[in-house]
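**Student:** Supplied structure: model-v6.pdb, PDB, C-alpha atoms and all ligand atoms.
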```pdb
ATOM      1  CA  THR A 833     -56.383-163.934  18.333  1.00  0.00           C
ATOM      2  CA  TYR A 834     -52.693-164.589  18.442  1.00  0.00           C
ATOM      3  CA  VAL A 835     -50.650-163.022  21.215  1.00  0.00           C
ATOM      4  CA  VAL A 836     -47.038-162.100  21.833  1.00  0.00           C
ATOM      5  CA  THR A 837     -45.593-163.774  24.941  1.00  0.00           C
ATOM      6  CA  ASP A 838     -42.481-163.441  27.099  1.00  0.00           C
ATOM      7  CA  ASN A 839     -40.021-164.923  24.602  1.00  0.00           C
ATOM      8  CA  CYS A 840     -40.408-161.652  22.716  1.00  0.00           C
ATOM      9  CA  ILE A 841     -38.663-159.651  25.439  1.00  0.00           C
ATOM     10  CA  ALA A 842     -35.694-157.822  23.952  1.00  0.00           C
ATOM     11  CA  CYS A 843     -36.118-159.629  20.626  1.00  0.00           C
ATOM     12  CA  LYS A 844     -34.835-157.496  17.795  1.00  0.00           C
ATOM     13  CA  TYR A 845     -36.540-159.301  14.957  1.00  0.00           C
ATOM     14  CA  THR A 846     -39.585-157.888  13.236  1.00  0.00           C
ATOM     15  CA  ASP A 847     -40.264-160.730  10.820  1.00  0.00           C
ATOM     16  CA  CYS A 848     -43.767-161.029  12.298  1.00  0.00           C
ATOM     17  CA  VAL A 849     -44.588-157.380  11.634  1.00  0.00           C
ATOM     18  CA  GLU A 850     -43.554-157.706   8.018  1.00  0.00           C
ATOM     19  CA  VAL A 851     -45.855-160.632   7.277  1.00  0.00           C
ATOM     20  CA  CYS A 852     -48.996-159.503   9.125  1.00  0.00           C
ATOM     21  CA  PRO A 853     -51.657-158.721   6.493  1.00  0.00           C
ATOM     22  CA  VAL A 854     -53.579-156.335   8.756  1.00  0.00           C
ATOM     23  CA  ASP A 855     -50.695-154.486  10.468  1.00  0.00           C
ATOM     24  CA  CYS A 856     -51.893-155.278  13.960  1.00  0.00           C
ATOM     25  CA  PHE A 857     -48.487-155.333  15.648  1.00  0.00           C
ATOM     26  CA  TYR A 858     -47.610-152.443  17.956  1.00  0.00           C
ATOM     27  CA  GLU A 859     -44.633-151.466  20.115  1.00  0.00           C
ATOM     28  CA  GLY A 860     -44.960-152.443  23.749  1.00  0.00           C
ATOM     29  CA  VAL A 861     -42.476-151.529  26.464  1.00  0.00           C
ATOM     30  CA  ASN A 862     -39.962-154.292  25.839  1.00  0.00           C
ATOM     31  CA  THR A 863     -41.933-156.481  23.457  1.00  0.00           C
ATOM     32  CA  LEU A 864     -44.094-156.135  20.421  1.00  0.00           C
ATOM     33  CA  VAL A 865     -47.791-156.753  21.007  1.00  0.00           C
ATOM     34  CA  ILE A 866     -50.718-157.818  18.837  1.00  0.00           C
ATOM     35  CA  HIS A 867     -54.009-155.945  19.028  1.00  0.00           C
ATOM     36  CA  PRO A 868     -56.481-158.720  19.876  1.00  0.00           C
ATOM     37  CA  ASP A 869     -59.401-157.011  18.122  1.00  0.00           C
ATOM     38  CA  GLU A 870     -57.452-156.387  14.926  1.00  0.00           C
ATOM     39  CA  CYS A 871     -55.806-159.801  14.578  1.00  0.00           C
ATOM     40  CA  ILE A 872     -57.717-161.919  12.061  1.00  0.00           C
ATOM     41  CA  ASP A 873     -56.242-165.200  13.322  1.00  0.00           C
ATOM     42  CA  CYS A 874     -54.493-165.986  10.060  1.00  0.00           C
ATOM     43  CA  GLY A 875     -51.539-167.594  11.844  1.00  0.00           C
ATOM     44  CA  VAL A 876     -48.990-166.335   9.330  1.00  0.00           C
ATOM     45  CA  CYS A 877     -46.814-164.657  11.965  1.00  0.00           C
ATOM     46  CA  GLU A 878     -46.397-167.641  14.263  1.00  0.00           C
ATOM     47  CA  PRO A 879     -43.835-169.612  12.226  1.00  0.00           C
ATOM     48  CA  GLU A 880     -41.994-166.394  11.313  1.00  0.00           C
ATOM     49  CA  CYS A 881     -41.083-165.626  14.928  1.00  0.00           C
ATOM     50  CA  PRO A 882     -37.470-166.722  15.575  1.00  0.00           C
ATOM     51  CA  ALA A 883     -38.073-166.535  19.342  1.00  0.00           C
ATOM     52  CA  ASP A 884     -41.218-168.710  19.257  1.00  0.00           C
ATOM     53  CA  ALA A 885     -43.004-165.937  21.152  1.00  0.00           C
ATOM     54  CA  ILE A 886     -46.276-165.840  19.243  1.00  0.00           C
ATOM     55  CA  ARG A 887     -48.986-168.195  20.470  1.00  0.00           C
ATOM     56  CA  PRO A 888     -52.682-168.649  19.698  1.00  0.00           C
ATOM     57  CA  ASP A 889     -54.961-167.692  22.579  1.00  0.00           C
ATOM     58  CA  THR A 890     -56.604-171.103  22.298  1.00  0.00           C
ATOM     59  CA  GLU A 891     -53.683-172.548  24.273  1.00  0.00           C
ATOM     60  CA  PRO A 892     -54.237-172.934  28.046  1.00  0.00           C
ATOM     61  CA  ASP A 893     -53.745-169.978  30.405  1.00  0.00           C
ATOM     62  CA  MET A 894     -53.425-167.294  27.772  1.00  0.00           C
ATOM     63  CA  GLU A 895     -55.861-164.802  29.340  1.00  0.00           C
ATOM     64  CA  GLU A 896     -53.096-162.781  30.954  1.00  0.00           C
ATOM     65  CA  TRP A 897     -51.208-162.557  27.693  1.00  0.00           C
ATOM     66  CA  VAL A 898     -54.293-161.418  25.827  1.00  0.00           C
ATOM     67  CA  ALA A 899     -54.752-158.674  28.440  1.00  0.00           C
ATOM     68  CA  PHE A 900     -51.058-157.745  28.186  1.00  0.00           C
ATOM     69  CA  ASN A 901     -51.222-157.453  24.406  1.00  0.00           C
ATOM     70  CA  ARG A 902     -54.429-155.434  24.578  1.00  0.00           C
ATOM     71  CA  LYS A 903     -53.024-153.057  27.186  1.00  0.00           C
ATOM     72  CA  TYR A 904     -50.037-152.017  25.117  1.00  0.00           C
ATOM     73  CA  ALA A 905     -51.758-152.162  21.721  1.00  0.00           C
ATOM     74  CA  GLU A 906     -54.531-149.823  22.807  1.00  0.00           C
ATOM     75  CA  VAL A 907     -52.213-146.968  23.788  1.00  0.00           C
ATOM     76  CA  TRP A 908     -51.609-146.314  20.078  1.00  0.00           C
TER      77      TRP A 908
HETATM   78 FE1  LIG B   1     -51.333-160.577  12.056  1.00  0.00          FE
HETATM   79 FE2  LIG B   1     -52.239-162.978  11.260  1.00  0.00          FE
HETATM   80 FE3  LIG B   1     -50.413-162.812  13.205  1.00  0.00          FE
HETATM   81 FE4  LIG B   1     -52.909-162.010  13.668  1.00  0.00          FE
HETATM   82  S1  LIG B   1     -52.247-164.130  13.231  1.00  0.00           S
HETATM   83  S2  LIG B   1     -51.027-160.928  14.257  1.00  0.00           S
HETATM   84  S3  LIG B   1     -53.473-161.147  11.663  1.00  0.00           S
HETATM   85  S4  LIG B   1     -50.115-162.221  11.044  1.00  0.00           S
END
```
Go ahead and express the file in the form of C-alpha cells.
Ligand code: SF4
**Tutor:**
Amino acid sequence: TYVVTDNCIACKYTDCVEVCPVDCFYEGVNTLVIHPDECIDCGVCEPECPADAIRPDTEPDMEEWVAFNRKYAEVW
C-alpha cells in the first residue's frame, strides 16, 4: 500500500485524490489518508503529490504511518 505521511498536514491540494483509480483517499483530521486495504499499489498518486507526502509502505519504518492511515480511513 501507499500511505500519506506528515508532509500532508494542512496541504490543500487534492491532485492525488483525482488520479486514484479506486477512490481510496479519505479525509483524516488534518491530512488525507489512504485506506491500506483498498489501495492497489498502482503508484499513480505519488508523483502527483506537490508536498511529497505519499510514500510506499516498503520504505523503512512505515508501520506507524500505515496504522495512521488505516485509523482515519476506517471511520468512513
Ligand atoms: Fe490510489 Fe494507486 Fe495511490 Fe493506491 S497507489 S492510493 S490505488 S493512486
**Student:** Given the choices A:Glu895, A:Asp838, A:Asp847, A:Glu880, which gets closest to Pro868 (chain A) if the distance is worked out from all atoms listed in the file?
**Tutor:**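 Checking each candidate against Pro868 (chain A), we get A:Glu895 as the closest.
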**Student:** Expand the PyMOL selection byres (((chain A and resi 860-864) around 6) and not hetatm) into the explicit residue set it covers here, and present it as a PyMOL selection string.
**Tutor:** chain A and resi 840-842+858-859+865+904
**Student:** Taking all atoms of region 884-899 of chain A that the file lists, what box with edges along x, y and z, padded by 3 Å per side, do you get, with centre and edge lengths in Å to one decimal, as AutoDock Vina command-line options?
**Tutor:**
```
--center_x -48.9 --center_y -165.8 --center_z 25.1 --size_x 21.4 --size_y 20.3 --size_z 17.7
```
**Student:** Return as JSON lines the residues of chain A lying at most 12 Å from ligand LIG 1 (chain B), together with the closest atom-to-atom pair for each and the distance in Å to one decimal, counting all atoms listed in the file, with rows in chain order and ascending residue number.
**Tutor:**
```
{"residue": "A:Thr833", "atom": "CA", "partner": "B:LIG1", "partner_atom": "FE4", "distance": 6.1}
{"residue": "A:Tyr834", "atom": "CA", "partner": "B:LIG1", "partner_atom": "S1", "distance": 5.3}
{"residue": "A:Val835", "atom": "CA", "partner": "B:LIG1", "partner_atom": "S2", "distance": 7.3}
{"residue": "A:Val836", "atom": "CA", "partner": "B:LIG1", "partner_atom": "S2", "distance": 8.6}
{"residue": "A:Thr846", "atom": "CA", "partner": "B:LIG1", "partner_atom": "S4", "distance": 11.6}
{"residue": "A:Asp847", "atom": "CA", "partner": "B:LIG1", "partner_atom": "S4", "distance": 10.0}
{"residue": "A:Cys848", "atom": "CA", "partner": "B:LIG1", "partner_atom": "S4", "distance": 6.6}
{"residue": "A:Val849", "atom": "CA", "partner": "B:LIG1", "partner_atom": "S4", "distance": 7.4}
{"residue": "A:Glu850", "atom": "CA", "partner": "B:LIG1", "partner_atom": "S4", "distance": 8.5}
{"residue": "A:Val851", "atom": "CA", "partner": "B:LIG1", "partner_atom": "S4", "distance": 5.9}
{"residue": "A:Cys852", "atom": "CA", "partner": "B:LIG1", "partner_atom": "S4", "distance": 3.5}
{"residue": "A:Pro853", "atom": "CA", "partner": "B:LIG1", "partner_atom": "FE1", "distance": 5.9}
{"residue": "A:Val854", "atom": "CA", "partner": "B:LIG1", "partner_atom": "S3", "distance": 5.6}
{"residue": "A:Asp855", "atom": "CA", "partner": "B:LIG1", "partner_atom": "FE1", "distance": 6.3}
{"residue": "A:Cys856", "atom": "CA", "partner": "B:LIG1", "partner_atom": "FE1", "distance": 5.7}
{"residue": "A:Phe857", "atom": "CA", "partner": "B:LIG1", "partner_atom": "S2", "distance": 6.3}
{"residue": "A:Tyr858", "atom": "CA", "partner": "B:LIG1", "partner_atom": "S2", "distance": 9.9}
{"residue": "A:Leu864", "atom": "CA", "partner": "B:LIG1", "partner_atom": "S2", "distance": 10.4}
{"residue": "A:Val865", "atom": "CA", "partner": "B:LIG1", "partner_atom": "S2", "distance": 8.6}
{"residue": "A:Ile866", "atom": "CA", "partner": "B:LIG1", "partner_atom": "S2", "distance": 5.5}
{"residue": "A:His867", "atom": "CA", "partner": "B:LIG1", "partner_atom": "S2", "distance": 7.5}
{"residue": "A:Pro868", "atom": "CA", "partner": "B:LIG1", "partner_atom": "FE4", "distance": 7.9}
{"residue": "A:Asp869", "atom": "CA", "partner": "B:LIG1", "partner_atom": "FE4", "distance": 9.3}
{"residue": "A:Glu870", "atom": "CA", "partner": "B:LIG1", "partner_atom": "S3", "distance": 7.0}
{"residue": "A:Cys871", "atom": "CA", "partner": "B:LIG1", "partner_atom": "FE4", "distance": 3.8}
{"residue": "A:Ile872", "atom": "CA", "partner": "B:LIG1", "partner_atom": "S3", "distance": 4.3}
{"residue": "A:Asp873", "atom": "CA", "partner": "B:LIG1", "partner_atom": "S1", "distance": 4.1}
{"residue": "A:Cys874", "atom": "CA", "partner": "B:LIG1", "partner_atom": "FE2", "distance": 3.9}
{"residue": "A:Gly875", "atom": "CA", "partner": "B:LIG1", "partner_atom": "S1", "distance": 3.8}
{"residue": "A:Val876", "atom": "CA", "partner": "B:LIG1", "partner_atom": "S4", "distance": 4.6}
{"residue": "A:Cys877", "atom": "CA", "partner": "B:LIG1", "partner_atom": "S4", "distance": 4.2}
{"residue": "A:Glu878", "atom": "CA", "partner": "B:LIG1", "partner_atom": "FE3", "distance": 6.4}
{"residue": "A:Pro879", "atom": "CA", "partner": "B:LIG1", "partner_atom": "FE3", "distance": 9.5}
{"residue": "A:Glu880", "atom": "CA", "partner": "B:LIG1", "partner_atom": "S4", "distance": 9.1}
{"residue": "A:Cys881", "atom": "CA", "partner": "B:LIG1", "partner_atom": "FE3", "distance": 9.9}
{"residue": "A:Ala885", "atom": "CA", "partner": "B:LIG1", "partner_atom": "FE3", "distance": 11.3}
{"residue": "A:Ile886", "atom": "CA", "partner": "B:LIG1", "partner_atom": "FE3", "distance": 7.9}
{"residue": "A:Arg887", "atom": "CA", "partner": "B:LIG1", "partner_atom": "S1", "distance": 8.9}
{"residue": "A:Pro888", "atom": "CA", "partner": "B:LIG1", "partner_atom": "S1", "distance": 7.9}
{"residue": "A:Asp889", "atom": "CA", "partner": "B:LIG1", "partner_atom": "S1", "distance": 10.4}
{"residue": "A:Asn901", "atom": "CA", "partner": "B:LIG1", "partner_atom": "S2", "distance": 10.7}
{"residue": "A:Ala905", "atom": "CA", "partner": "B:LIG1", "partner_atom": "S2", "distance": 11.5}
```
**Student:** Please indicate the distance in Å from CA of Asp884 (chain A) to CA of Asn839 (chain A), rounded to one decimal place.
**Tutor:**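 Here the two named atoms are 6.7 Å from each other.
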**Student:** Report the distance between CA of Pro892 (chain A) and CA of Trp908 (chain A) in Å, rounded to one decimal place.
**Tutor:** 27.9 Å
**Student:** Would you kindly place N, CA, C and O atoms on region 833-854 of chain A and return the model as a short mmCIF file (atom, residue, chain, number, x, y, z; two decimals), keeping the file's coordinate frame?
**Tutor:**
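Written file, rebuild-v6.cif:
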```
data_model
loop_
_atom_site.label_atom_id
_atom_site.label_comp_id
_atom_site.auth_asym_id
_atom_site.auth_seq_id
_atom_site.Cartn_x
_atom_site.Cartn_y
_atom_site.Cartn_z
N THR A 833 -57.51 -164.81 18.56
CA THR A 833 -56.38 -163.93 18.33
C THR A 833 -55.07 -164.65 18.64
O THR A 833 -55.05 -165.63 19.39
N TYR A 834 -54.03 -164.15 18.05
CA TYR A 834 -52.69 -164.59 18.44
C TYR A 834 -52.13 -163.54 19.39
O TYR A 834 -52.53 -162.38 19.36
N VAL A 835 -51.22 -163.96 20.25
CA VAL A 835 -50.65 -163.02 21.22
C VAL A 835 -49.14 -163.18 21.28
O VAL A 835 -48.60 -164.26 21.05
N VAL A 836 -48.48 -162.08 21.61
CA VAL A 836 -47.04 -162.10 21.83
C VAL A 836 -46.80 -162.45 23.30
O VAL A 836 -47.48 -161.93 24.18
N THR A 837 -45.87 -163.36 23.56
CA THR A 837 -45.59 -163.77 24.94
C THR A 837 -44.15 -163.45 25.32
O THR A 837 -43.44 -162.79 24.56
N ASP A 838 -43.74 -163.92 26.51
CA ASP A 838 -42.48 -163.44 27.10
C ASP A 838 -41.22 -163.71 26.29
O ASP A 838 -40.23 -163.00 26.45
N ASN A 839 -41.23 -164.70 25.41
CA ASN A 839 -40.02 -164.92 24.60
C ASN A 839 -39.69 -163.73 23.71
O ASN A 839 -38.60 -163.65 23.16
N CYS A 840 -40.64 -162.83 23.56
CA CYS A 840 -40.41 -161.65 22.72
C CYS A 840 -39.53 -160.60 23.40
O CYS A 840 -38.98 -159.73 22.73
N ILE A 841 -39.38 -160.69 24.71
CA ILE A 841 -38.66 -159.65 25.44
C ILE A 841 -37.27 -159.45 24.87
O ILE A 841 -36.50 -160.41 24.74
N ALA A 842 -37.00 -158.22 24.48
CA ALA A 842 -35.69 -157.82 23.95
C ALA A 842 -35.36 -158.46 22.60
O ALA A 842 -34.23 -158.39 22.15
N CYS A 843 -36.34 -159.08 21.96
CA CYS A 843 -36.12 -159.63 20.63
C CYS A 843 -36.00 -158.48 19.64
O CYS A 843 -36.75 -157.52 19.71
N LYS A 844 -35.06 -158.60 18.74
CA LYS A 844 -34.84 -157.50 17.80
C LYS A 844 -35.39 -157.80 16.40
O LYS A 844 -35.22 -157.03 15.48
N TYR A 845 -36.02 -158.93 16.27
CA TYR A 845 -36.54 -159.30 14.96
C TYR A 845 -37.93 -158.72 14.75
O TYR A 845 -38.70 -158.61 15.70
N THR A 846 -38.24 -158.39 13.53
CA THR A 846 -39.58 -157.89 13.24
C THR A 846 -40.18 -158.65 12.05
O THR A 846 -41.00 -158.12 11.32
N ASP A 847 -39.75 -159.90 11.91
CA ASP A 847 -40.26 -160.73 10.82
C ASP A 847 -41.78 -160.83 10.88
O ASP A 847 -42.46 -160.84 9.86
N CYS A 848 -42.32 -160.91 12.11
CA CYS A 848 -43.77 -161.03 12.30
C CYS A 848 -44.49 -159.80 11.76
O CYS A 848 -45.52 -159.91 11.10
N VAL A 849 -43.95 -158.63 12.05
CA VAL A 849 -44.59 -157.38 11.63
C VAL A 849 -44.67 -157.32 10.11
O VAL A 849 -45.68 -156.90 9.55
N GLU A 850 -43.61 -157.79 9.48
CA GLU A 850 -43.55 -157.71 8.02
C GLU A 850 -44.58 -158.59 7.33
O GLU A 850 -45.06 -158.26 6.27
N VAL A 851 -44.93 -159.72 7.95
CA VAL A 851 -45.86 -160.63 7.28
C VAL A 851 -47.32 -160.40 7.63
O VAL A 851 -48.21 -160.91 6.96
N CYS A 852 -47.60 -159.66 8.69
CA CYS A 852 -49.00 -159.50 9.12
C CYS A 852 -49.81 -158.74 8.08
O CYS A 852 -49.49 -157.60 7.75
N PRO A 853 -50.89 -159.36 7.57
CA PRO A 853 -51.66 -158.72 6.49
C PRO A 853 -52.50 -157.53 6.97
O PRO A 853 -52.96 -156.75 6.13
N VAL A 854 -52.72 -157.43 8.26
CA VAL A 854 -53.58 -156.34 8.76
C VAL A 854 -52.83 -155.34 9.65
O VAL A 854 -53.45 -154.49 10.30
#
```
